$ cat coords32.pdb   # PDB, C-alpha atoms and all ligand atoms
ATOM      1  CA  VAL A1233      -3.093   5.430   3.269
ATOM      2  CA  PRO A1234      -0.780   4.151   0.543
ATOM      3  CA  GLU A1235      -1.554   0.638  -0.613
ATOM      4  CA  LEU A1236       0.098  -1.527  -3.263
ATOM      5  CA  PRO A1237      -0.793   0.720  -6.256
ATOM      6  CA  GLU A1238       0.421   3.883  -4.540
ATOM      7  CA  VAL A1239       3.679   2.313  -3.358
ATOM      8  CA  GLU A1240       4.229   0.724  -6.765
ATOM      9  CA  THR A1241       3.702   4.113  -8.456
ATOM     10  CA  ILE A1242       6.339   5.687  -6.212
ATOM     11  CA  ARG A1243       8.674   2.752  -6.856
ATOM     12  CA  SER A1244       8.348   2.954 -10.617
ATOM     13  CA  ASP A1245       8.817   6.753 -10.567
ATOM     14  CA  LEU A1246      11.892   6.699  -8.371
ATOM     15  CA  ALA A1247      13.628   3.501  -9.472
ATOM     16  CA  PRO A1248      15.217   4.906 -12.649
ATOM     17  CA  LEU A1249      16.171   8.111 -10.815
ATOM     18  CA  VAL A1250      17.953   6.525  -7.852
ATOM     19  CA  ALA A1251      19.486   3.426  -9.430
ATOM     20  CA  GLY A1252      23.268   3.718  -9.587
ATOM     21  CA  ARG A1253      23.335   6.873  -7.458
ATOM     22  CA  CYS A1254      25.628   7.204  -4.479
ATOM     23  CA  ILE A1255      24.214   8.530  -1.201
ATOM     24  CA  THR A1256      26.411  11.408  -0.057
ATOM     25  CA  GLY A1257      24.523  12.500   3.020
ATOM     26  CA  VAL A1258      21.608  11.793   5.339
ATOM     27  CA  ASP A1259      19.770  14.465   7.287
ATOM     28  CA  VAL A1260      17.120  13.560   9.818
ATOM     29  CA  ASP A1261      15.170  15.961  11.960
ATOM     30  CA  PRO A1262      16.179  14.781  15.450
ATOM     31  CA  ALA A1263      12.627  15.373  16.636
ATOM     32  CA  THR A1264      11.538  12.702  14.204
ATOM     33  CA  LEU A1265      13.178   9.680  15.621
ATOM     34  CA  PRO A1266       9.875   7.792  15.471
ATOM     35  CA  LEU A1267      11.189   7.134  11.963
ATOM     36  CA  LEU A1268      13.581   4.731  13.565
ATOM     37  CA  ALA A1269      11.367   3.592  16.430
ATOM     38  CA  GLY A1270      11.638  -0.070  17.184
ATOM     39  CA  THR A1271      14.475  -0.537  14.742
ATOM     40  CA  GLY A1272      17.240  -0.378  17.331
ATOM     41  CA  VAL A1273      19.051   1.965  14.944
ATOM     42  CA  SER A1274      20.491   5.282  16.060
ATOM     43  CA  LEU A1275      20.679   8.222  13.728
ATOM     44  CA  ASP A1276      24.470   7.831  13.616
ATOM     45  CA  ALA A1277      24.123   4.192  12.685
ATOM     46  CA  LEU A1278      21.609   5.053   9.982
ATOM     47  CA  ARG A1279      23.982   7.646   8.582
ATOM     48  CA  SER A1280      27.010   5.380   8.635
ATOM     49  CA  SER A1281      24.971   2.608   6.993
ATOM     50  CA  LEU A1282      23.887   4.834   4.133
ATOM     51  CA  VAL A1283      26.528   7.449   3.399
ATOM     52  CA  GLY A1284      28.913   6.256   0.698
ATOM     53  CA  ARG A1285      26.567   3.471  -0.415
ATOM     54  CA  THR A1286      25.295   3.256  -3.960
ATOM     55  CA  ILE A1287      21.639   2.412  -4.524
ATOM     56  CA  ARG A1288      21.559  -0.582  -6.855
ATOM     57  CA  GLY A1289      17.831  -0.581  -7.398
ATOM     58  CA  LEU A1290      14.449   0.084  -5.853
ATOM     59  CA  GLY A1291      12.102  -2.827  -5.268
ATOM     60  CA  ARG A1292       8.768  -3.318  -3.561
ATOM     61  CA  ARG A1293       7.126  -6.063  -1.578
ATOM     62  CA  GLY A1294       3.576  -5.488  -0.334
ATOM     63  CA  LYS A1295       3.536  -1.900   0.915
ATOM     64  CA  TYR A1296       7.307  -1.797   1.585
ATOM     65  CA  LEU A1297       9.820   0.045  -0.589
ATOM     66  CA  LEU A1298      13.181  -1.712  -0.760
ATOM     67  CA  PHE A1299      16.275   0.371  -1.552
ATOM     68  CA  GLU A1300      18.878  -2.207  -2.494
ATOM     69  CA  LEU A1301      22.320  -1.041  -1.393
ATOM     70  CA  ASP A1302      25.651  -2.067  -2.891
ATOM     71  CA  ASP A1303      26.734  -3.828   0.310
ATOM     72  CA  ALA A1304      23.793  -6.247  -0.009
ATOM     73  CA  ARG A1305      21.855  -4.522   2.767
ATOM     74  CA  THR A1306      18.463  -2.924   2.191
ATOM     75  CA  LEU A1307      16.883   0.319   3.333
ATOM     76  CA  VAL A1308      13.276  -0.698   3.965
ATOM     77  CA  VAL A1309      10.796   2.195   3.928
ATOM     78  CA  HIS A1310       7.167   1.956   4.976
ATOM     79  CA  LEU A1311       5.037   5.045   4.325
ATOM     80  CA  ARG A1312       2.312   4.053   6.821
ATOM     81  CA  MET A1313      -0.324   6.799   6.883
ATOM     82  CA  THR A1314       1.186  10.005   5.569
ATOM     83  CA  GLY A1315       4.778   9.256   4.535
ATOM     84  CA  ARG A1316       5.959  10.713   1.243
ATOM     85  CA  LEU A1317       9.175  10.211  -0.688
ATOM     86  CA  LEU A1318       9.859  13.045  -3.090
ATOM     87  CA  TRP A1319      12.504  13.476  -5.765
ATOM     88  CA  ARG A1320      13.697  17.067  -5.520
ATOM     89  CA  ASP A1321      16.503  19.294  -6.719
ATOM     90  CA  GLY A1322      18.879  19.924  -3.828
ATOM     91  CA  ALA A1323      18.018  23.639  -3.916
ATOM     92  CA  ALA A1324      14.245  23.052  -3.630
ATOM     93  CA  PRO A1325      12.564  24.553  -0.560
ATOM     94  CA  VAL A1326      11.956  22.373   2.460
ATOM     95  CA  GLU A1327       8.806  20.267   2.053
ATOM     96  CA  PRO A1328       5.879  20.699   4.423
ATOM     97  CA  PHE A1329       6.426  18.220   7.277
ATOM     98  CA  GLU A1330       9.830  17.267   5.924
ATOM     99  CA  ARG A1331      11.503  14.936   8.423
ATOM    100  CA  ALA A1332      14.517  13.535   6.601
ATOM    101  CA  ARG A1333      16.416  13.641   3.331
ATOM    102  CA  LEU A1334      18.885  11.530   1.438
ATOM    103  CA  LEU A1335      21.452  13.563  -0.486
ATOM    104  CA  LEU A1336      22.507  11.973  -3.748
ATOM    105  CA  GLU A1337      25.721  12.477  -5.675
ATOM    106  CA  ASP A1338      24.008  14.150  -8.639
ATOM    107  CA  GLY A1339      22.715  16.976  -6.424
ATOM    108  CA  HIS A1340      19.183  15.653  -6.033
ATOM    109  CA  HIS A1341      17.531  14.874  -2.751
ATOM    110  CA  LEU A1342      15.042  12.245  -1.769
ATOM    111  CA  ARG A1343      12.909  14.171   0.673
ATOM    112  CA  TRP A1344      10.912  12.356   3.324
ATOM    113  CA  SER A1345       7.857  14.181   4.589
ATOM    114  CA  ASP A1346       5.472  12.651   7.067
ATOM    115  CA  LEU A1347       2.719  14.645   8.733
ATOM    116  CA  ARG A1348       1.715  11.954  11.215
ATOM    117  CA  LYS A1349       5.208  10.504  11.739
ATOM    118  CA  PHE A1350       4.170   6.842  11.629
ATOM    119  CA  GLY A1351       6.405   6.010   8.672
ATOM    120  CA  THR A1352       9.496   3.896   9.266
ATOM    121  CA  TRP A1353      12.955   3.420   7.788
ATOM    122  CA  ARG A1354      15.118   0.495   8.692
ATOM    123  CA  ILE A1355      18.320  -1.041   7.436
ATOM    124  CA  MET A1356      18.105  -4.793   7.052
ATOM    125  CA  ASP A1357      21.022  -7.175   6.474
ATOM    126  CA  ASP A1358      18.633  -9.914   5.484
ATOM    127  CA  LEU A1359      15.083  -9.487   4.177
ATOM    128  CA  ALA A1360      14.017 -13.014   5.056
ATOM    129  CA  PRO A1361      12.300 -12.109   8.360
ATOM    130  CA  LEU A1362      10.313  -9.357   6.613
ATOM    131  CA  LEU A1363       9.392 -11.478   3.617
ATOM    132  CA  ALA A1364       8.330 -14.341   5.876
ATOM    133  CA  ARG A1365       5.589 -12.127   7.286
ATOM    134  CA  LEU A1366       4.162 -11.217   3.882
ATOM    135  CA  GLY A1367       1.757 -13.283   1.809
ATOM    136  CA  PRO A1368       1.796 -13.415  -1.982
ATOM    137  CA  GLU A1369       1.104 -10.402  -4.181
ATOM    138  CA  PRO A1370      -2.447 -10.422  -5.588
ATOM    139  CA  ILE A1371      -1.143  -8.997  -8.880
ATOM    140  CA  ASP A1372       1.311 -11.861  -9.288
ATOM    141  CA  HIS A1373      -0.184 -14.146 -11.926
ATOM    142  CA  ALA A1374       1.534 -17.050 -10.205
ATOM    143  CA  PHE A1375      -0.875 -16.487  -7.282
ATOM    144  CA  GLY A1376      -3.637 -18.634  -8.734
ATOM    145  CA  LEU A1377      -7.232 -19.299  -7.809
ATOM    146  CA  LYS A1378      -6.391 -22.400  -5.810
ATOM    147  CA  ALA A1379      -3.951 -20.559  -3.539
ATOM    148  CA  PHE A1380      -6.374 -17.656  -3.211
ATOM    149  CA  ALA A1381      -9.252 -19.973  -2.275
ATOM    150  CA  ALA A1382      -7.017 -21.606   0.341
ATOM    151  CA  THR A1383      -6.504 -18.253   2.078
ATOM    152  CA  LEU A1384     -10.284 -17.961   2.592
ATOM    153  CA  SER A1385     -11.163 -21.593   3.169
ATOM    154  CA  GLY A1386     -12.367 -22.407   6.670
ATOM    155  CA  ARG A1387     -11.912 -18.861   7.925
ATOM    156  CA  ALA A1388     -14.528 -17.521  10.331
ATOM    157  CA  ALA A1389     -13.163 -13.961  10.126
ATOM    158  CA  PRO A1390     -14.941 -11.553   7.757
ATOM    159  CA  VAL A1391     -13.648 -11.882   4.214
ATOM    160  CA  LYS A1392     -12.600  -8.238   4.362
ATOM    161  CA  ALA A1393     -10.364  -8.875   7.379
ATOM    162  CA  VAL A1394      -8.793 -11.855   5.641
ATOM    163  CA  LEU A1395      -8.003  -9.768   2.560
ATOM    164  CA  LEU A1396      -6.454  -7.033   4.711
ATOM    165  CA  ASP A1397      -4.193  -9.490   6.532
ATOM    166  CA  GLN A1398      -0.751  -8.866   4.996
ATOM    167  CA  ARG A1399       0.432 -12.317   6.081
ATOM    168  CA  ARG A1400      -2.150 -13.895   3.753
ATOM    169  CA  MET A1401      -1.866 -11.446   0.881
ATOM    170  CA  ALA A1402       0.407  -8.428   0.710
ATOM    171  CA  GLY A1403      -0.529  -5.026  -0.615
ATOM    172  CA  LEU A1404      -4.298  -4.678  -0.263
ATOM    173  CA  GLY A1405      -5.601  -2.003   2.100
ATOM    174  CA  ASN A1406      -8.946  -0.487   2.927
ATOM    175  CA  ILE A1407      -9.662   1.221  -0.401
ATOM    176  CA  TYR A1408      -8.851  -1.632  -2.744
ATOM    177  CA  VAL A1409     -10.452  -4.300  -0.554
ATOM    178  CA  ASP A1410     -13.774  -2.433  -0.547
ATOM    179  CA  GLU A1411     -13.521  -1.991  -4.308
ATOM    180  CA  ALA A1412     -12.620  -5.637  -4.956
ATOM    181  CA  LEU A1413     -15.490  -6.878  -2.783
ATOM    182  CA  PHE A1414     -17.916  -4.652  -4.683
ATOM    183  CA  GLN A1415     -16.609  -5.785  -8.057
ATOM    184  CA  ALA A1416     -16.968  -9.423  -6.967
ATOM    185  CA  ARG A1417     -20.409  -8.739  -5.406
ATOM    186  CA  VAL A1418     -19.294 -10.123  -2.033
ATOM    187  CA  ARG A1419     -20.588  -8.609   1.205
ATOM    188  CA  PRO A1420     -17.561  -7.515   3.287
ATOM    189  CA  ASP A1421     -18.722  -9.143   6.536
ATOM    190  CA  THR A1422     -19.249 -12.586   4.999
ATOM    191  CA  PRO A1423     -17.075 -15.087   6.892
ATOM    192  CA  GLY A1424     -14.105 -15.942   4.663
ATOM    193  CA  GLY A1425     -14.973 -19.635   4.588
ATOM    194  CA  GLN A1426     -18.575 -18.953   3.563
ATOM    195  CA  VAL A1427     -17.866 -17.063   0.367
ATOM    196  CA  PRO A1428     -19.423 -19.290  -2.332
ATOM    197  CA  PRO A1429     -16.974 -20.819  -4.840
ATOM    198  CA  ALA A1430     -18.212 -18.731  -7.773
ATOM    199  CA  ALA A1431     -17.742 -15.580  -5.703
ATOM    200  CA  VAL A1432     -14.271 -16.706  -4.636
ATOM    201  CA  ARG A1433     -13.397 -16.918  -8.321
ATOM    202  CA  ARG A1434     -14.779 -13.429  -8.978
ATOM    203  CA  LEU A1435     -12.960 -12.045  -5.947
ATOM    204  CA  HIS A1436      -9.627 -13.518  -7.014
ATOM    205  CA  THR A1437      -9.933 -11.718 -10.339
ATOM    206  CA  ALA A1438     -11.298  -8.542  -8.742
ATOM    207  CA  CYS A1439      -8.379  -8.201  -6.297
ATOM    208  CA  ARG A1440      -5.951  -8.247  -9.188
ATOM    209  CA  GLU A1441      -8.023  -5.977 -11.402
ATOM    210  CA  VAL A1442      -8.631  -3.227  -8.861
ATOM    211  CA  LEU A1443      -4.932  -3.119  -8.019
ATOM    212  CA  GLU A1444      -3.953  -3.048 -11.683
ATOM    213  CA  GLN A1445      -6.448  -0.252 -12.297
ATOM    214  CA  GLY A1446      -5.011   1.618  -9.302
ATOM    215  CA  ILE A1447      -1.495   1.308 -10.723
ATOM    216  CA  ALA A1448      -2.703   2.418 -14.183
ATOM    217  CA  ASN A1449      -4.267   5.494 -12.569
ATOM    218  CA  ARG A1450      -1.125   6.184 -10.496
ATOM    219  CA  GLY A1451      -2.809   5.614  -7.139
ATOM    220  CA  ALA A1452      -5.698   7.127  -5.219
ATOM    221  CA  SER A1453      -5.233  10.584  -3.700
ATOM    222  CA  PHE A1454      -8.124  10.936  -1.273
ATOM    223  CA  LYS A1455      -5.985  12.911   1.113
ATOM    224  CA  ASP A1456      -2.244  12.647   1.569
ATOM    225  CA  TYR A1457      -0.893  10.413  -1.137
ATOM    226  CA  VAL A1458       1.298  11.885  -3.872
ATOM    227  CA  ASP A1459       3.712  10.164  -6.242
ATOM    228  CA  GLY A1460       7.501  10.428  -6.293
ATOM    229  CA  GLN A1461       7.318  13.848  -7.946
ATOM    230  CA  GLY A1462       4.660  15.218  -5.608
ATOM    231  CA  ASN A1463       1.684  14.821  -7.952
ATOM    232  CA  PRO A1464      -1.647  13.213  -7.023
ATOM    233  CA  GLY A1465      -2.942  10.059  -8.706
ATOM    234  CA  SER A1466      -6.437   9.780 -10.155
ATOM    235  CA  GLN A1467      -7.758   6.422  -8.924
ATOM    236  CA  HIS A1468      -9.965   8.164  -6.311
ATOM    237  CA  MET A1469     -12.104   9.447  -9.219
ATOM    238  CA  TYR A1470     -12.900   5.896 -10.329
ATOM    239  CA  VAL A1471     -13.876   4.214  -7.065
ATOM    240  CA  GLN A1472     -17.284   2.519  -6.991
ATOM    241  CA  VAL A1473     -17.959   2.366  -3.247
ATOM    242  CA  PHE A1474     -15.050   3.661  -1.159
ATOM    243  CA  ARG A1475     -16.223   6.761   0.770
ATOM    244  CA  ARG A1476     -19.370   6.915  -1.377
ATOM    245  CA  GLN A1477     -21.782   6.228   1.493
ATOM    246  CA  GLY A1478     -25.159   7.852   0.920
ATOM    247  CA  LYS A1479     -24.564   8.116  -2.807
ATOM    248  CA  PRO A1480     -26.271   5.908  -5.406
ATOM    249  CA  CYS A1481     -24.538   2.731  -6.537
ATOM    250  CA  TYR A1482     -23.337   3.141 -10.116
ATOM    251  CA  ALA A1483     -24.652  -0.342 -10.911
ATOM    252  CA  CYS A1484     -28.119  -0.353  -9.313
ATOM    253  CA  GLY A1485     -28.893   3.053  -7.791
ATOM    254  CA  THR A1486     -29.211   1.766  -4.218
ATOM    255  CA  LEU A1487     -27.499   4.036  -1.696
ATOM    256  CA  ILE A1488     -24.005   2.893  -0.729
ATOM    257  CA  GLU A1489     -23.746   2.082   2.977
ATOM    258  CA  ARG A1490     -20.916   2.478   5.432
ATOM    259  CA  THR A1491     -20.355   0.048   8.258
ATOM    260  CA  VAL A1492     -17.421  -1.168  10.319
ATOM    261  CA  VAL A1493     -15.870  -4.557   9.628
ATOM    262  CA  GLY A1494     -12.822  -5.724  11.537
ATOM    263  CA  GLY A1495     -12.438  -2.238  12.984
ATOM    264  CA  ARG A1496     -12.227  -0.608   9.566
ATOM    265  CA  GLY A1497     -14.693   1.752   7.865
ATOM    266  CA  THR A1498     -16.297  -0.330   5.130
ATOM    267  CA  HIS A1499     -18.320   0.719   2.108
ATOM    268  CA  PHE A1500     -20.639  -1.536   0.159
ATOM    269  CA  CYS A1501     -23.847  -1.727  -1.863
ATOM    270  CA  PRO A1502     -26.475  -3.697   0.093
ATOM    271  CA  LYS A1503     -28.179  -4.788  -3.132
ATOM    272  CA  CYS A1504     -25.172  -5.706  -5.281
ATOM    273  CA  GLN A1505     -23.438  -7.337  -2.308
ATOM    274  CA  PRO A1506     -26.176  -9.380  -0.573
ATOM    275  CA  ARG A1507     -25.660 -11.821   2.281
ATOM    276  CA  PRO A1508     -24.809 -15.262   0.906
ATOM    277  CA  ARG A1509     -27.536 -17.884   1.143
ATOM    278  CA  ARG A1510     -26.354 -20.536   3.567
ATOM    279  CA  LYS A1511     -26.080 -24.015   2.118
ATOM    280  CA  GLY A1512     -24.831 -25.989   5.072
ATOM    281  CA  GLY A1513     -21.517 -24.197   5.409
ATOM    282  CA  SER A1514     -19.945 -25.231   2.122
ATOM    283  CA  GLY A1515     -16.290 -24.234   1.940
ATOM    284  CA  ALA A1516     -14.626 -21.933  -0.511
ATOM    285  CA  ALA A1517     -12.492 -24.544  -2.269
TER     286      ALA A1517
HETATM  287 ZN    ZN B1601     -25.574  -1.690  -6.275
END
$ encode --input "coords32.pdb" --output "structure tokens"
Amino acid sequence: VPELPEVETIRSDLAPLVAGRCITGVDVDPATLPLLAGTGVSLDALRSSLVGRTIRGLGRRGKYLLFELDDARTLVVHLRMTGRLLWRDGAAPVEPFERARLLLEDGHHLRWSDLRKFGTWRIMDDLAPLLARLGPEPIDHAFGLKAFAATLSGRAAPVKAVLLDQRRMAGLGNIYVDEALFQARVRPDTPGGQVPPAAVRRLHTACREVLEQGIANRGASFKDYVDGQGNPGSQHMYVQVFRRQGKPCYACGTLIERTVVGGRGTHFCPKCQPRPRRKGGSGAA
């Protein structure tokens, strides 16, 4: 499932290719209207919103790609589980599971393929309602330790669930949360408010570092993810715990365990990530 590093890799690949290009056509497989589910947008409305528009730029917020249009509206794309956006020559063969395409004036297509069909496209006049639901970006250096500690402070929910909550922090998903918790030596089921202050500090740094490493390695391709040209990333070769259950921890040799935290498969080293010693419920701040 694409997380911040995967979406950012696609954004940085596609941004220079699409910026300044006019959209000359939109094709959507009519059997794929889940693309538009819940958006209140018909295929005709999508087409009339996009055709003739020039893409000014391609941004990202959390796991959302933001195609900025020249009429100040935005095409907001969420890849969900298996969505892919591929830069292709117009003559290229149809992609496996291709569901939609944007035709661009220079003859290229942006092909949308989505095996599971959970991905969404929507046209937004105003991004404020979307942005209001998203917390800060962990890779933003302006998101300091104090603000990070405040997101955990007093929380009874497992620290992993807090980190996955896009309203508190935007962009982390299952892979990078497991990796950040390992790097910070924090057990994933520790209640957010009971993570000791020194560990909060380590975790703040770790969240940023694992995401930056993921971007540097062009994303993790465990299964479906490919970049804007259709190539896999390499971050999956560098993970420490994610999907390594039963294999020895690179740090201590103990076997990595898999459990479920907040409904999500969770991977951790029971020795490197011990339960915190309780000291009368001291907060994270
Ligand atoms: Zn270990």
$ residues_around --input "coords32.pdb" --residues "Val1418 of chain A" --least-positions-apart "6" --cutoff "8 Å" --atoms "all atoms listed in the file" --output "PDB file with C-alpha atoms, in the coordinates of the input"
ATOM      1  CA  VAL A1427     -17.866 -17.063   0.367  1.00  0.00           C
ATOM      2  CA  ALA A1431     -17.742 -15.580  -5.703  1.00  0.00           C
ATOM      3  CA  LEU A1435     -12.960 -12.045  -5.947  1.00  0.00           C
ATOM      4  CA  GLN A1505     -23.438  -7.337  -2.308  1.00  0.00           C
ATOM      5  CA  PRO A1506     -26.176  -9.380  -0.573  1.00  0.00           C
ATOM      6  CA  ARG A1507     -25.660 -11.821   2.281  1.00  0.00           C
TER       7      ARG A1507
END
$ residues_near_point --input "coords32.pdb" --point "(4.9, -12.5, 4.0)" --cutoff "10 Å" --atoms "all atoms listed in the file" --output "ChimeraX atom specification"
/A:1293-1294,1360-1369,1397-1402
$ atom_distance --input "coords32.pdb" --atom1 "atom CA of Leu1413 of chain A" --atom2 "atom CA of Gly1460 of chain A"
29.0 Å
$ residues_near_ligand --input "coords32.pdb" --ligand "ligand ZN 1601 (chain B)" --cutoff "9 Å" --atoms "all atoms listed in the file" --output "CSV table (one decimal) with C-alpha atoms, keeping the file's coordinate frame"
chain,number,residue,atom,x,y,z
A,1414,PHE,CA,-17.9,-4.7,-4.7
A,1417,ARG,CA,-20.4,-8.7,-5.4
A,1480,PRO,CA,-26.3,5.9,-5.4
A,1481,CYS,CA,-24.5,2.7,-6.5
A,1482,TYR,CA,-23.3,3.1,-10.1
A,1483,ALA,CA,-24.7,-0.3,-10.9
A,1484,CYS,CA,-28.1,-0.4,-9.3
A,1485,GLY,CA,-28.9,3.1,-7.8
A,1486,THR,CA,-29.2,1.8,-4.2
A,1487,LEU,CA,-27.5,4.0,-1.7
A,1488,ILE,CA,-24.0,2.9,-0.7
A,1500,PHE,CA,-20.6,-1.5,0.2
A,1501,CYS,CA,-23.8,-1.7,-1.9
A,1502,PRO,CA,-26.5,-3.7,0.1
A,1503,LYS,CA,-28.2,-4.8,-3.1
A,1504,CYS,CA,-25.2,-5.7,-5.3
A,1505,GLN,CA,-23.4,-7.3,-2.3
$ closest_residue --input "coords32.pdb" --among "A:Leu1359, A:Ala1324, A:Met1469, A:Ala1430" --to "Asn1449 of chain A" --atoms "all atoms listed in the file"
A:Met1469
$ atom_distance --input "coords32.pdb" --atom1 "atom CA of Pro1420 of chain A" --atom2 "atom CA of Gly1446 of chain A"
20.0 Å
$ closest_residue --input "coords32.pdb" --among "A:Asp1358, A:Gly1494, A:Phe1474, A:Leu1377" --to "Val1394 of chain A" --atoms "all atoms listed in the file"
A:Gly1494
$ atom_distance --input "coords32.pdb" --atom1 "atom CA of Arg1343 of chain A" --atom2 "atom CA of Val1409 of chain A"
29.8 Å
$ residues_around --input "coords32.pdb" --residues "His1436 of chain A" --least-positions-apart "3" --cutoff "7 Å" --atoms "all atoms listed in the file" --output "PDB file with C-alpha atoms, in the coordinates of the input"
ATOM      1  CA  LEU A1377      -7.232 -19.299  -7.809  1.00  0.00           C
ATOM      2  CA  PHE A1380      -6.374 -17.656  -3.211  1.00  0.00           C
ATOM      3  CA  VAL A1432     -14.271 -16.706  -4.636  1.00  0.00           C
ATOM      4  CA  ARG A1433     -13.397 -16.918  -8.321  1.00  0.00           C
ATOM      5  CA  CYS A1439      -8.379  -8.201  -6.297  1.00  0.00           C
ATOM      6  CA  ARG A1440      -5.951  -8.247  -9.188  1.00  0.00           C
TER       7      ARG A1440
END
$ closest_residue --input "coords32.pdb" --among "A:Leu1318, A:Leu1301, A:Ala1388, A:Ala1393" --to "Asn1406 of chain A" --atoms "all atoms listed in the file"
A:Ala1393
$ residues_around --input "coords32.pdb" --residues "Val1308 of chain A" --least-positions-apart "6" --cutoff "9 Å" --atoms "only C-alpha atoms" --output "count of residues only"
11
$ closest_residue --input "coords32.pdb" --among "A:Ala1247, A:Arg1312, A:Ser1281, A:Arg1288" --to "Tyr1457 of chain A" --atoms "all atoms listed in the file"
A:Arg1312
$ resolve_selection --input "coords32.pdb" --expression "the PyMOL selection byres (((chain A and resi 1475) around 10) and not hetatm)" --output "list in words"
Ile1407, Asp1410, Phe1454, His1468, Val1471, Gln1472, Val1473, Phe1474, Arg1476, Gln1477, Gly1478, Lys1479, Ile1488, Glu1489, Arg1490, Gly1497, Thr1498, His1499 and Phe1500 of chain A
$ residues_around --input "coords32.pdb" --residues "Glu1240 of chain A" --least-positions-apart "4" --cutoff "9 Å" --atoms "only C-alpha atoms" --output "PDB file with C-alpha atoms, keeping the file's coordinate frame"
ATOM      1  CA  GLU A1235      -1.554   0.638  -0.613  1.00  0.00           C
ATOM      2  CA  LEU A1236       0.098  -1.527  -3.263  1.00  0.00           C
ATOM      3  CA  SER A1244       8.348   2.954 -10.617  1.00  0.00           C
ATOM      4  CA  ASP A1245       8.817   6.753 -10.567  1.00  0.00           C
ATOM      5  CA  GLY A1291      12.102  -2.827  -5.268  1.00  0.00           C
ATOM      6  CA  ARG A1292       8.768  -3.318  -3.561  1.00  0.00           C
ATOM      7  CA  GLY A1294       3.576  -5.488  -0.334  1.00  0.00           C
ATOM      8  CA  LYS A1295       3.536  -1.900   0.915  1.00  0.00           C
ATOM      9  CA  LEU A1297       9.820   0.045  -0.589  1.00  0.00           C
ATOM     10  CA  ILE A1447      -1.495   1.308 -10.723  1.00  0.00           C
ATOM     11  CA  ARG A1450      -1.125   6.184 -10.496  1.00  0.00           C
ATOM     12  CA  GLY A1451      -2.809   5.614  -7.139  1.00  0.00           C
TER      13      GLY A1451
END
$ closest_residue --input "coords32.pdb" --among "A:Val1442, A:Val1492, A:Val1283, A:Leu1290" --to "Pro1248 of chain A" --atoms "all atoms listed in the file"
A:Leu1290
$ resolve_selection --input "coords32.pdb" --expression "the PyMOL selection byres (((chain A and resi 1341) around 10) and not hetatm)" --output "list in words"
Val1250, Ile1255, Thr1256, Gly1257, Val1258, Leu1317, Leu1318, Trp1319, Arg1320, Asp1321, Gly1322, Ala1323, Ala1324, Ala1332, Arg1333, Leu1334, Leu1335, Leu1336, Glu1337, Asp1338, Gly1339, His1340, Leu1342, Arg1343 and Trp1344 of chain A
$ resolve_selection --input "coords32.pdb" --expression "the PyMOL selection byres (((chain A and resi 1314) around 8) and not hetatm)" --output "count of residues only"
16
